[in-house]
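Peer 1: Sharing final-v8.txt below, compact mmCIF, C-alpha atoms:
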# COMPACT_ATOMS: atom_id res chain seq x y z
CA MET A 1 93.13 96.90 126.42
CA SER A 2 94.54 98.87 129.37
CA ILE A 3 97.98 100.18 128.42
CA ARG A 4 98.11 101.90 131.80
CA HIS A 5 97.82 98.67 133.77
CA SER A 6 100.00 96.68 131.40
CA LEU A 7 102.80 99.21 131.95
CA LEU A 8 102.25 99.01 135.72
CA ALA A 9 102.57 95.21 135.44
CA LEU A 10 105.90 95.55 133.64
CA LEU A 11 107.13 98.07 136.23
CA SER A 12 106.18 95.67 139.03
CA GLU A 13 109.08 93.48 137.77
CA GLY A 14 111.55 96.34 138.49
CA PRO A 15 112.56 99.85 137.32
CA LYS A 16 112.54 100.35 133.54
CA TYR A 17 113.09 102.98 130.82
CA GLY A 18 110.29 104.12 128.51
CA PHE A 19 111.71 102.55 125.35
CA GLN A 20 112.26 99.30 127.25
CA LEU A 21 108.62 99.32 128.44
CA ARG A 22 107.41 99.71 124.86
CA GLN A 23 109.49 96.75 123.66
CA GLU A 24 108.43 94.55 126.57
CA PHE A 25 104.73 95.48 126.18
CA GLU A 26 104.78 94.47 122.52
CA ALA A 27 106.62 91.22 123.28
CA SER A 28 104.24 90.37 126.15
CA THR A 29 101.22 90.68 123.86
CA GLY A 30 102.82 88.57 121.15
CA ASP A 31 103.33 91.71 118.98
CA VAL A 32 99.59 91.69 118.31
CA TRP A 33 99.06 95.15 119.85
CA PRO A 34 101.75 97.59 118.74
CA LEU A 35 102.33 100.80 120.76
CA ASN A 36 103.84 104.08 119.62
CA VAL A 37 106.41 105.91 121.74
CA GLY A 38 104.06 108.85 122.32
CA GLN A 39 101.42 106.58 123.89
CA VAL A 40 104.02 105.10 126.24
CA TYR A 41 105.33 108.44 127.55
CA THR A 42 101.86 110.01 127.83
CA THR A 43 100.70 107.02 129.88
CA LEU A 44 103.83 107.07 132.05
CA ASP A 45 103.33 110.80 132.74
CA ARG A 46 99.75 110.09 133.86
CA LEU A 47 100.88 107.21 136.09
CA GLU A 48 103.37 109.60 137.70
CA ARG A 49 100.74 112.34 138.07
CA ASP A 50 98.41 109.87 139.82
CA GLY A 51 101.15 108.70 142.19
CA LEU A 52 101.24 105.15 140.77
CA ALA A 53 104.80 105.44 139.43
CA HIS A 54 107.69 107.84 139.77
CA SER A 55 110.77 108.59 137.71
CA ASP A 56 114.22 109.89 138.47
CA GLY A 57 115.07 113.21 136.86
CA VAL A 58 111.91 114.91 135.66
CA ASP A 59 113.92 117.42 133.61
CA ALA A 60 116.12 114.81 131.97
CA ASP A 61 115.78 113.58 128.39
CA GLU A 62 112.71 111.31 128.19
CA ARG A 63 114.83 108.40 127.02
CA GLN A 64 117.02 108.73 130.12
CA ARG A 65 114.14 108.65 132.61
CA ASN A 66 113.92 105.50 134.68
CA PHE A 67 110.45 104.62 136.01
CA GLN A 68 109.53 102.72 139.17
CA ILE A 69 106.20 101.52 140.50
CA THR A 70 105.00 103.00 143.84
CA GLU A 71 103.15 101.17 146.62
CA GLU A 72 99.92 102.79 145.38
CA GLY A 73 100.78 101.47 141.92
CA GLU A 74 101.20 97.91 143.27
CA SER A 75 97.79 98.15 144.99
CA GLU A 76 96.15 99.54 141.86
CA LEU A 77 97.61 96.71 139.76
CA ALA A 78 96.37 94.05 142.24
CA ARG A 79 92.89 95.65 142.27
CA TRP A 80 92.71 95.87 138.44
CA LEU A 81 93.77 92.24 137.88
CA ARG A 82 90.97 91.02 140.15
CA THR A 83 88.20 93.32 138.87
CA PRO A 84 86.15 91.63 136.11
CA PRO A 85 85.57 93.88 133.09
CA ASP A 86 82.02 95.17 132.76
CA LEU A 87 80.22 92.63 130.57
CA THR A 88 76.74 93.29 131.98
CA GLN A 89 75.61 95.38 129.01
CA PRO A 90 75.52 93.44 125.73
CA PRO A 91 77.52 95.26 123.06
CA ARG A 92 75.57 96.63 120.09
CA ASP A 93 76.87 93.97 117.75
CA GLU A 94 76.75 94.93 114.08
CA LEU A 95 76.57 91.31 112.90
CA VAL A 96 73.61 90.54 115.19
CA ILE A 97 71.81 93.58 113.83
CA LYS A 98 72.51 92.53 110.21
CA VAL A 99 71.05 89.06 110.78
CA LEU A 100 68.03 90.47 112.62
CA VAL A 101 67.40 92.92 109.78
CA ALA A 102 67.89 90.20 107.12
CA SER A 103 65.40 87.94 108.91
CA ARG A 104 62.70 90.63 108.59
CA LEU A 105 63.18 91.54 104.94
CA PRO A 106 60.98 89.48 102.61
CA ASP A 107 63.29 89.72 99.60
CA VAL A 108 66.48 88.78 101.44
CA ASP A 109 67.62 85.19 101.95
CA VAL A 110 68.71 85.32 105.58
CA TYR A 111 70.54 81.97 105.26
CA GLU A 112 72.67 83.34 102.45
CA VAL A 113 73.50 86.38 104.59
CA ILE A 114 74.44 84.08 107.50
CA GLN A 115 76.66 81.95 105.23
CA ILE A 116 78.52 84.99 103.87
CA HIS A 117 79.44 86.00 107.44
CA ARG A 118 80.18 82.41 108.48
CA ARG A 119 82.60 81.95 105.58
CA TYR A 120 84.33 85.25 106.34
CA LEU A 121 84.77 84.32 110.02
CA VAL A 122 86.09 80.82 109.26
CA GLN A 123 88.59 82.34 106.79
CA LEU A 124 89.78 84.70 109.52
CA MET A 125 90.07 81.74 111.91
CA GLN A 126 92.12 79.84 109.31
CA GLN A 127 94.54 82.74 109.14
CA TRP A 128 94.92 82.98 112.93
CA THR A 129 95.33 79.19 113.17
CA HIS A 130 98.08 79.22 110.53
CA LEU A 131 99.96 81.66 112.77
CA LYS A 132 100.04 78.94 115.44
CA GLU A 133 101.27 76.21 113.11
CA ASP A 134 104.93 77.05 113.39
CA GLU A 135 105.80 75.48 116.73
CA ALA A 136 109.51 76.08 116.17
CA HIS A 137 108.87 79.79 116.83
CA PHE A 138 106.32 79.11 119.58
CA ASP A 139 105.79 82.06 121.85
CA LEU A 140 103.50 81.62 124.86
CA ALA A 141 102.23 85.22 124.95
CA PHE A 142 101.52 85.10 121.22
CA ALA A 143 99.71 81.73 121.48
CA LEU A 144 97.50 83.09 124.29
CA ALA A 145 96.64 86.21 122.25
CA VAL A 146 95.87 84.10 119.15
CA ASP A 147 93.74 81.69 121.21
CA ALA A 148 91.74 84.64 122.58
CA GLU A 149 91.00 85.80 119.04
CA LEU A 150 90.11 82.27 117.86
CA PHE A 151 87.71 81.71 120.77
CA ARG A 152 86.09 85.09 120.13
CA LEU A 153 85.56 84.34 116.42
CA ASP A 154 84.41 80.78 117.22
CA ALA A 155 81.73 82.16 119.54
CA VAL A 156 80.40 84.31 116.68
CA VAL A 157 80.34 81.31 114.29
CA ARG A 158 78.46 79.29 116.92
CA TRP A 159 75.94 82.10 117.29
CA LEU A 160 75.45 82.15 113.48
CA ASP A 161 74.94 78.35 113.50
CA ALA A 162 72.39 78.67 116.30
CA ALA A 163 70.63 81.55 114.52
CA ASP A 164 70.54 79.50 111.29
CA GLY A 165 69.04 76.50 113.10
CA ARG A 166 66.55 78.60 115.05
CA LEU A 167 65.33 80.44 111.95
CA ARG A 168 64.91 77.17 110.00
CA ARG A 169 62.99 75.63 112.88
CA ALA A 170 60.73 78.68 113.22
CA SER A 171 60.16 78.69 109.47
CA HIS A 172 59.39 74.95 109.41
CA GLU A 173 56.97 75.15 112.34
CA SER A 174 55.16 78.07 110.77
CA THR A 175 54.65 76.36 107.40
CA THR A 176 52.18 74.04 109.11
CA ASP A 177 50.03 76.99 110.09
CA VAL A 178 50.71 79.78 107.61
CA ALA A 179 47.27 81.33 107.91
CA ASP A 180 47.87 82.15 111.58
CA ALA A 181 51.40 83.46 111.08
CA PRO A 182 52.00 87.18 111.39
CA PRO A 183 52.01 88.80 107.91
CA ARG A 184 55.75 89.58 108.02
CA LEU A 185 56.71 85.99 108.86
CA ALA A 186 54.40 84.62 106.16
CA ARG A 187 56.05 86.90 103.58
CA ARG A 188 59.49 85.81 104.72
CA MET A 189 58.63 82.15 104.43
CA GLY A 190 57.41 82.78 100.94
CA ALA A 191 60.80 84.24 100.10
CA HIS A 192 62.73 81.24 101.39
CA ARG A 193 60.74 78.36 100.05
CA MET B 1 97.00 63.97 90.78
CA SER B 2 94.31 64.17 93.45
CA MET B 3 94.41 61.49 96.13
CA LEU B 4 90.64 61.66 96.50
CA GLU B 5 88.13 62.83 93.94
CA LEU B 6 84.34 62.80 94.22
CA ARG B 7 82.55 63.43 90.93
CA ASN B 8 78.90 64.42 91.08
CA VAL B 9 78.28 62.06 93.98
CA SER B 10 74.76 61.61 95.38
CA LYS B 11 73.35 59.22 97.95
CA VAL B 12 69.66 58.49 98.36
CA TYR B 13 68.30 56.43 101.25
CA GLY B 14 64.86 54.79 101.16
CA GLU B 15 62.41 54.66 98.29
CA GLY B 16 59.29 56.46 97.13
CA ALA B 17 57.65 58.52 99.87
CA THR B 18 60.43 57.74 102.37
CA GLU B 19 63.21 58.72 99.96
CA VAL B 20 65.84 61.01 101.52
CA ASP B 21 68.67 62.73 99.67
CA ALA B 22 71.59 62.38 102.10
CA ILE B 23 74.06 64.11 99.76
CA SER B 24 73.49 65.60 96.32
CA ASN B 25 75.84 66.28 93.40
CA ILE B 26 79.02 66.62 95.44
CA ASP B 27 82.23 67.45 93.57
CA LEU B 28 85.31 67.43 95.76
CA THR B 29 89.04 66.88 95.38
CA VAL B 30 91.71 66.41 98.03
CA ASP B 31 95.31 66.58 96.84
CA ARG B 32 98.29 64.85 98.42
CA GLY B 33 99.70 67.00 101.20
CA SER B 34 96.50 68.96 101.71
CA LEU B 35 93.95 69.06 104.51
CA VAL B 36 90.34 69.73 103.56
CA ALA B 37 87.57 70.20 106.12
CA ILE B 38 83.86 69.65 105.54
CA MET B 39 81.86 71.79 107.92
CA GLY B 40 78.16 71.53 108.54
CA PRO B 41 75.52 70.97 111.21
CA SER B 42 74.20 67.58 112.34
CA GLY B 43 72.24 65.89 109.57
CA SER B 44 73.90 67.86 106.78
CA GLY B 45 75.39 64.70 105.24
CA LYS B 46 78.97 65.00 106.55
CA SER B 47 79.29 61.42 107.80
CA THR B 48 77.62 59.97 104.68
CA LEU B 49 80.12 61.87 102.54
CA LEU B 50 83.01 60.49 104.58
CA THR B 51 81.83 56.87 104.46
CA ILE B 52 81.39 57.13 100.68
CA ALA B 53 84.85 58.72 100.32
CA GLY B 54 86.25 55.81 102.34
CA SER B 55 84.46 53.21 100.18
CA LEU B 56 82.52 51.96 103.21
CA GLU B 57 79.34 52.85 101.38
CA GLN B 58 78.37 52.95 97.70
CA PRO B 59 77.06 56.22 96.19
CA THR B 60 73.67 56.07 94.43
CA THR B 61 75.19 57.98 91.51
CA GLY B 62 78.58 59.49 90.73
CA ASP B 63 82.20 58.36 90.90
CA VAL B 64 84.71 58.13 93.74
CA LEU B 65 88.37 58.01 92.73
CA VAL B 66 91.03 57.09 95.27
CA ASN B 67 94.53 57.62 93.94
CA GLY B 68 93.07 57.70 90.42
CA LYS B 69 91.16 54.40 90.74
CA ASN B 70 87.39 54.41 90.60
CA VAL B 71 86.06 52.72 93.73
CA VAL B 72 82.54 52.50 92.32
CA GLY B 73 82.16 49.09 90.74
CA MET B 74 85.31 47.71 92.39
CA SER B 75 85.04 44.16 93.77
CA ARG B 76 84.60 43.71 97.53
CA ASN B 77 88.08 42.25 97.84
CA ASP B 78 89.70 45.12 95.95
CA LYS B 79 87.83 47.62 98.09
CA ALA B 80 88.90 45.84 101.28
CA ARG B 81 92.52 45.88 100.08
CA LEU B 82 92.28 49.58 99.27
CA ARG B 83 90.90 50.29 102.73
CA ARG B 84 93.67 48.29 104.43
CA ARG B 85 96.54 49.73 102.43
CA THR B 86 95.61 53.23 101.41
CA ILE B 87 92.89 54.65 103.65
CA GLY B 88 93.11 55.42 107.36
CA TYR B 89 90.08 56.32 109.48
CA VAL B 90 89.89 58.35 112.67
CA PHE B 91 86.56 58.32 114.49
CA GLN B 92 85.18 60.54 117.23
CA ASP B 93 85.06 57.66 119.73
CA PHE B 94 88.52 56.31 118.74
CA ASN B 95 87.28 52.75 117.94
CA LEU B 96 90.30 51.06 119.53
CA LEU B 97 90.03 47.38 120.35
CA ALA B 98 89.89 47.07 124.14
CA GLY B 99 91.68 43.71 124.34
CA LEU B 100 94.74 44.87 122.39
CA THR B 101 97.61 47.08 123.55
CA ALA B 102 98.32 50.42 121.83
CA VAL B 103 100.99 48.92 119.56
CA GLU B 104 98.81 45.89 118.76
CA ASN B 105 95.96 48.22 117.78
CA VAL B 106 98.27 50.20 115.50
CA SER B 107 99.91 47.19 113.84
CA LEU B 108 96.69 45.16 113.41
CA PRO B 109 95.78 46.58 109.95
CA LEU B 110 99.26 45.69 108.69
CA GLU B 111 99.00 42.13 110.01
CA LEU B 112 95.57 41.80 108.39
CA ASP B 113 97.25 42.82 105.16
CA GLY B 114 99.65 39.86 105.43
CA ILE B 115 102.71 41.62 106.85
CA SER B 116 104.60 39.50 109.39
CA MET B 117 103.85 40.21 113.04
CA LYS B 118 107.45 41.29 113.67
CA LYS B 119 107.52 43.79 110.79
CA ALA B 120 104.02 45.06 111.58
CA ARG B 121 105.00 45.63 115.20
CA ALA B 122 108.15 47.52 114.19
CA GLN B 123 106.11 49.81 111.93
CA GLY B 124 103.49 50.22 114.66
CA MET B 125 106.18 51.21 117.16
CA ALA B 126 107.62 53.72 114.67
CA ALA B 127 104.19 55.31 114.17
CA LEU B 128 103.61 55.54 117.94
CA ASP B 129 107.10 56.96 118.45
CA GLU B 130 106.43 59.69 115.89
CA LEU B 131 103.37 60.75 117.88
CA GLY B 132 105.28 60.71 121.19
CA LEU B 133 103.63 57.54 122.49
CA ALA B 134 106.50 55.02 122.46
CA ASP B 135 106.37 54.67 126.26
CA ARG B 136 102.62 53.88 126.14
CA ALA B 137 102.94 51.13 123.50
CA GLU B 138 102.15 48.28 125.90
CA SER B 139 99.22 50.06 127.58
CA TYR B 140 95.64 48.96 126.94
CA PRO B 141 93.08 51.59 125.78
CA ASP B 142 91.46 51.85 129.22
CA GLN B 143 94.87 52.73 130.70
CA LEU B 144 95.25 55.70 128.32
CA SER B 145 93.82 59.23 128.59
CA GLY B 146 91.35 60.45 125.95
CA GLY B 147 94.10 62.43 124.21
CA GLU B 148 96.44 59.42 124.17
CA ARG B 149 93.72 57.15 122.78
CA GLN B 150 93.08 59.54 119.91
CA ARG B 151 96.84 59.71 119.18
CA VAL B 152 96.90 55.90 119.00
CA ALA B 153 93.92 56.07 116.61
CA ILE B 154 95.83 58.55 114.41
CA ALA B 155 98.94 56.35 114.50
CA ARG B 156 96.76 53.43 113.35
CA ALA B 157 95.30 55.58 110.56
CA VAL B 158 98.66 56.62 109.12
CA VAL B 159 100.73 53.47 109.78
CA GLY B 160 102.37 51.82 106.78
CA GLU B 161 101.91 53.40 103.39
CA ARG B 162 98.48 54.96 104.00
CA SER B 163 98.02 58.08 101.93
CA LEU B 164 94.40 59.08 102.56
CA LEU B 165 93.26 59.96 106.06
CA LEU B 166 89.53 60.36 106.75
CA ALA B 167 88.48 61.77 110.10
CA ASP B 168 85.01 62.19 111.60
CA GLU B 169 85.01 64.82 114.39
CA PRO B 170 88.53 63.66 115.36
CA SER B 171 88.85 65.80 118.47
CA GLY B 172 85.51 64.44 119.73
CA ALA B 173 85.03 65.27 123.37
CA LEU B 174 88.66 66.23 123.93
CA ASP B 175 89.44 69.61 125.50
CA SER B 176 90.70 72.35 123.23
CA ILE B 177 94.42 71.79 123.93
CA ASN B 178 94.18 68.04 123.18
CA GLY B 179 91.93 68.80 120.20
CA GLU B 180 94.60 71.14 118.86
CA ALA B 181 97.23 68.42 119.35
CA VAL B 182 95.10 66.03 117.27
CA MET B 183 94.81 68.56 114.44
CA ARG B 184 98.58 69.23 114.57
CA MET B 185 99.17 65.50 114.08
CA ILE B 186 96.81 65.32 111.13
CA LEU B 187 98.49 68.39 109.64
CA SER B 188 101.90 66.87 110.22
CA ALA B 189 100.77 63.73 108.34
CA CYS B 190 99.69 66.02 105.48
CA HIS B 191 103.10 67.69 105.44
CA GLY B 192 104.46 64.15 104.99
CA GLY B 193 102.36 63.74 101.82
CA VAL B 194 99.09 62.32 103.19
CA ALA B 195 95.78 63.75 101.90
CA ALA B 196 93.31 64.35 104.73
CA LEU B 197 89.56 64.95 104.79
CA VAL B 198 88.08 65.97 108.13
CA VAL B 199 84.37 66.42 108.77
CA THR B 200 83.32 68.55 111.71
CA HIS B 201 80.79 71.05 112.99
CA ASP B 202 83.56 72.82 114.93
CA ALA B 203 85.02 75.97 113.32
CA LYS B 204 88.16 75.82 115.50
CA LEU B 205 88.94 72.37 114.14
CA ALA B 206 88.03 73.27 110.56
CA SER B 207 90.29 76.30 110.68
CA TRP B 208 93.36 74.02 110.60
CA ALA B 209 92.42 73.04 107.04
CA ASP B 210 93.77 74.55 103.81
CA ARG B 211 90.22 74.64 102.51
CA VAL B 212 86.85 74.48 104.25
CA VAL B 213 83.78 73.28 102.32
CA PHE B 214 80.39 74.11 103.85
CA LEU B 215 77.74 71.40 103.64
CA ARG B 216 74.05 72.13 104.07
CA ASP B 217 71.19 69.67 103.50
CA GLY B 218 73.55 67.36 101.61
CA LYS B 219 74.81 70.04 99.23
CA ALA B 220 78.18 71.79 99.12
CA VAL B 221 76.93 75.36 99.35
CA ASP B 222 80.14 77.32 99.76
CA GLU B 223 83.86 77.13 100.52
CA THR B 224 86.60 79.34 101.92
CA LEU B 225 88.84 81.31 99.61
CA PRO B 226 92.58 80.60 99.50
CA ALA B 227 94.08 81.93 102.71
CA MET B 228 95.99 85.20 103.02
CA ARG B 229 99.55 84.82 104.18
CA PRO B 230 99.79 85.01 108.00
CA GLU B 231 101.99 88.12 107.70
CA ASP B 232 99.13 89.91 105.91
CA LEU B 233 96.86 89.23 108.86
CA LEU B 234 99.31 90.72 111.36
CA ASP B 235 99.86 93.72 109.09
CA ALA B 236 96.10 94.24 108.90
CA ALA B 237 95.78 93.96 112.72
CA ASN B 238 98.60 96.44 113.26
CA THR B 239 97.26 98.93 110.71
CA SER B 240 93.78 98.94 112.23
CA ASP B 241 95.16 99.49 115.75
CA SER B 242 97.46 102.41 115.02
Go through the file and emit its structure as C-alpha cells.
Peer 2:
Amino acid sequence: MSIRHSLLALLSEGPKYGFQLRQEFEASTGDVWPLNVGQVYTTLDRLERDGLAHSDGVDADERQRNFQITEEGESELARWLRTPPDLTQPPRDELVIKVLVASRLPDVDVYEVIQIHRRYLVQLMQQWTHLKEDEAHFDLAFALAVDAELFRLDAVVRWLDAADGRLRRASHESTTDVADAPPRLARRMGAHR
Amino acid sequence: MSMLELRNVSKVYGEGATEVDAISNIDLTVDRGSLVAIMGPSGSGKSTLLTIAGSLEQPTTGDVLVNGKNVVGMSRNDKARLRRRTIGYVFQDFNLLAGLTAVENVSLPLELDGISMKKARAQGMAALDELGLADRAESYPDQLSGGERQRVAIARAVVGERSLLLADEPSGALDSINGEAVMRMILSACHGGVAALVVTHDAKLASWADRVVFLRDGKAVDETLPAMRPEDLLDAANTSDS
C-alpha cells in the first residue's frame, strides 16, 4: 500500500491540508486502512523534499500548511499508476509451507490440516461478505476494498481445494503400486488409510 | 421450529459390489429466516443431499422433515403438493420453460396448484417486481440475459407462500457481480422468513450464508463457527495495521 502515491493522487484533485488528506485517504480506502497523523506529515515532508509536492509557509504550524502537487508529482503519479507491482517472485506463503510440511509427515492427516485452514478462510470470507450486506450504507471505495480481500481469500481456498484433490489423486494412484512408491509416500498413505 | 430437518440421512446407490454411499448419516437443520450453505467438491454428495431435502428423491435411511412433517413415507400426491406449495428450487441452468414468458414461468407453479390464472399472474408479477424485473415480464427466456434469467428462476422459487428455497450452484456461470446479485436476492428472501439451503463449491457464494457445512465423500465433516460481528473484523484489521 503506497501512502506516498495515494496522497499524490488526492493532491492531484487540488491543494489540500494535512488533516484533510488523512480524512480523504481513509474515506477513499473505505476506512479499511487507517493512517495516523504522523505518517501523513512524514510522507508529505518527503514528497516536498523530492520535489513532488510543495507547501506554502514551511515555518507555519503543520495544520496550517497547504500542500500542492508539482508537475514532477503529476508525472510520478501517472508513472506509478501504470507500473504493475512486482509479482514475479512468489511470496513465501506460510500456508503453502504448512500444507507441504503436513503432506510429508507420516503421523499428520494432511486433509484435516487443509480443512482447518479452509474453515478459517471461509469464516473470514463470511465476515467480509456480511460487511457488504448493508446496501443502504453502500460505499463504492469500501465495496472495492472488500471485494479485493474476498478475491484474495477465495484464491487461497481454491488453492487448498486443488491441493486436497491433488493429494487424494496422488495417494489413490500410489495405492495401486505401493511397493514402488518412495518410502516417505508409502508411510504417508499408511497414515491416511 | 426448523423449516428443514435432516435426521441421520443416508443414500446408497446400487447393490452389492457396485454399492456407493452417496451421503452418510447427515444431520442438518435450516431454520426460517436463515441461509445455510453446503460446500464441497464435485462428487461429494451435495446435489444428492439437495434432491433428498426437496423430496425429489427418497433417502435409503433417515428422516426428512419439512415444516415439521416427515416427507419419508408421504404419498406421492402429498409430496407433489408439498413441492408445489412449500419448496422452491433454483438450478444452475435456470430450468425456465422456453415457450413461456417470464411472468408465465413464475406463475406456472401457482396455476398447477389450482390458483386461477388471473390471481397466479398477479402474484407472479408481484414476485418479478420485487426482483426489479417488472419491465421484462413479457419477455421469453431467450430474450433475457443470464442474470435476468436467474432472477426469474428465483422469483419462481419464492412466489406464493413458499418457505423453503433450495438452490444448486445458483450463480452458475454468471459473472461475480451477477452472482452476488443472486445471493443478495436469496438473502433478502431469508430476511422475509424463507429458509434457504444452497449447495456450492464456490467459497464466495457460500460466504453469504449464516452457516457453512463442509461435505466430503458424502459426510458432513465440519462447519463454520457463528460469525463475529462485522465491527469486530474492522477493529481487528485496524489494530493489526497500526
Peer 1: Could you give me, as a list in words, the residues within 7 Å of Val66 (chain B), counting all atoms listed in the file and dropping anything in the same chain fewer than 2 positions from it?
Peer 2: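 In the requested form, the answer reads Met3, Leu4, Glu5, Val64, Gly68, Lys69, Asn70 and Val71 of chain B.
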Peer 1: Tell me which protein, DNA and RNA residues are within 9 Å of Ala157 (chain B), counting only C-alpha atoms, leaving out same-chain ones fewer than 2 positions away, and put them as a list in words.
Peer 2: Ile87, Gly88, Tyr89, Val90, Val106, Val152, Ala153, Ile154, Ala155, Val159, Gly160, Arg162, Leu164, Leu165 and Leu166 of chain B
Peer 1: Name all residues at most 9 Å from Val213 (chain B) (count all atoms listed in the file; drop same-chain ones fewer than 2 positions away) and give them as a list in words.
Peer 2: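 Close residues of Val213 (chain B): Leu28, Val36, Ala37, Ile38, Met39, Gly40, Arg211, Leu215, Ala220, Val221, Asp222, Glu223 and Thr224 of chain B.
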Peer 1: Find, counting only C-alpha atoms, the residue in A:Leu150, A:Ala170, A:Ala9, A:Leu160 that gets nearest to chain B.
Peer 2: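 Once distances to chain B are computed over only C-alpha atoms, the minimum belongs to A:Leu150.
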Peer 1: Write out as a list in words each polymer residue whose atoms come within 9 Å of region 45-49 of chain A, counting all atoms listed in the file; drop sequence neighbours fewer than 3 positions from it.
Peer 2: Arg4, Leu8, Val40, Tyr41, Thr42, Leu52, Ala53, His54, Ser55, Phe67, Ile69 and Gly73 of chain A
Peer 1: Excluding region 132-147 of chain A and residues on its chain fewer than 3 positions from it, collect all residues at most 7 Å away from it, counting only C-alpha atoms, and give them as an MDAnalysis selection string.
Peer 2: chainID A and resid 28:30 128:129 150:151
Peer 1: When you count only C-alpha atoms, which of these residues is closest to chain A: B:Asn105, B:Ser139, B:Ser176, B:Ser171?
Peer 2: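 Among B:Asn105, B:Ser139, B:Ser176, B:Ser171, it is B:Ser176 that comes nearest to chain A.
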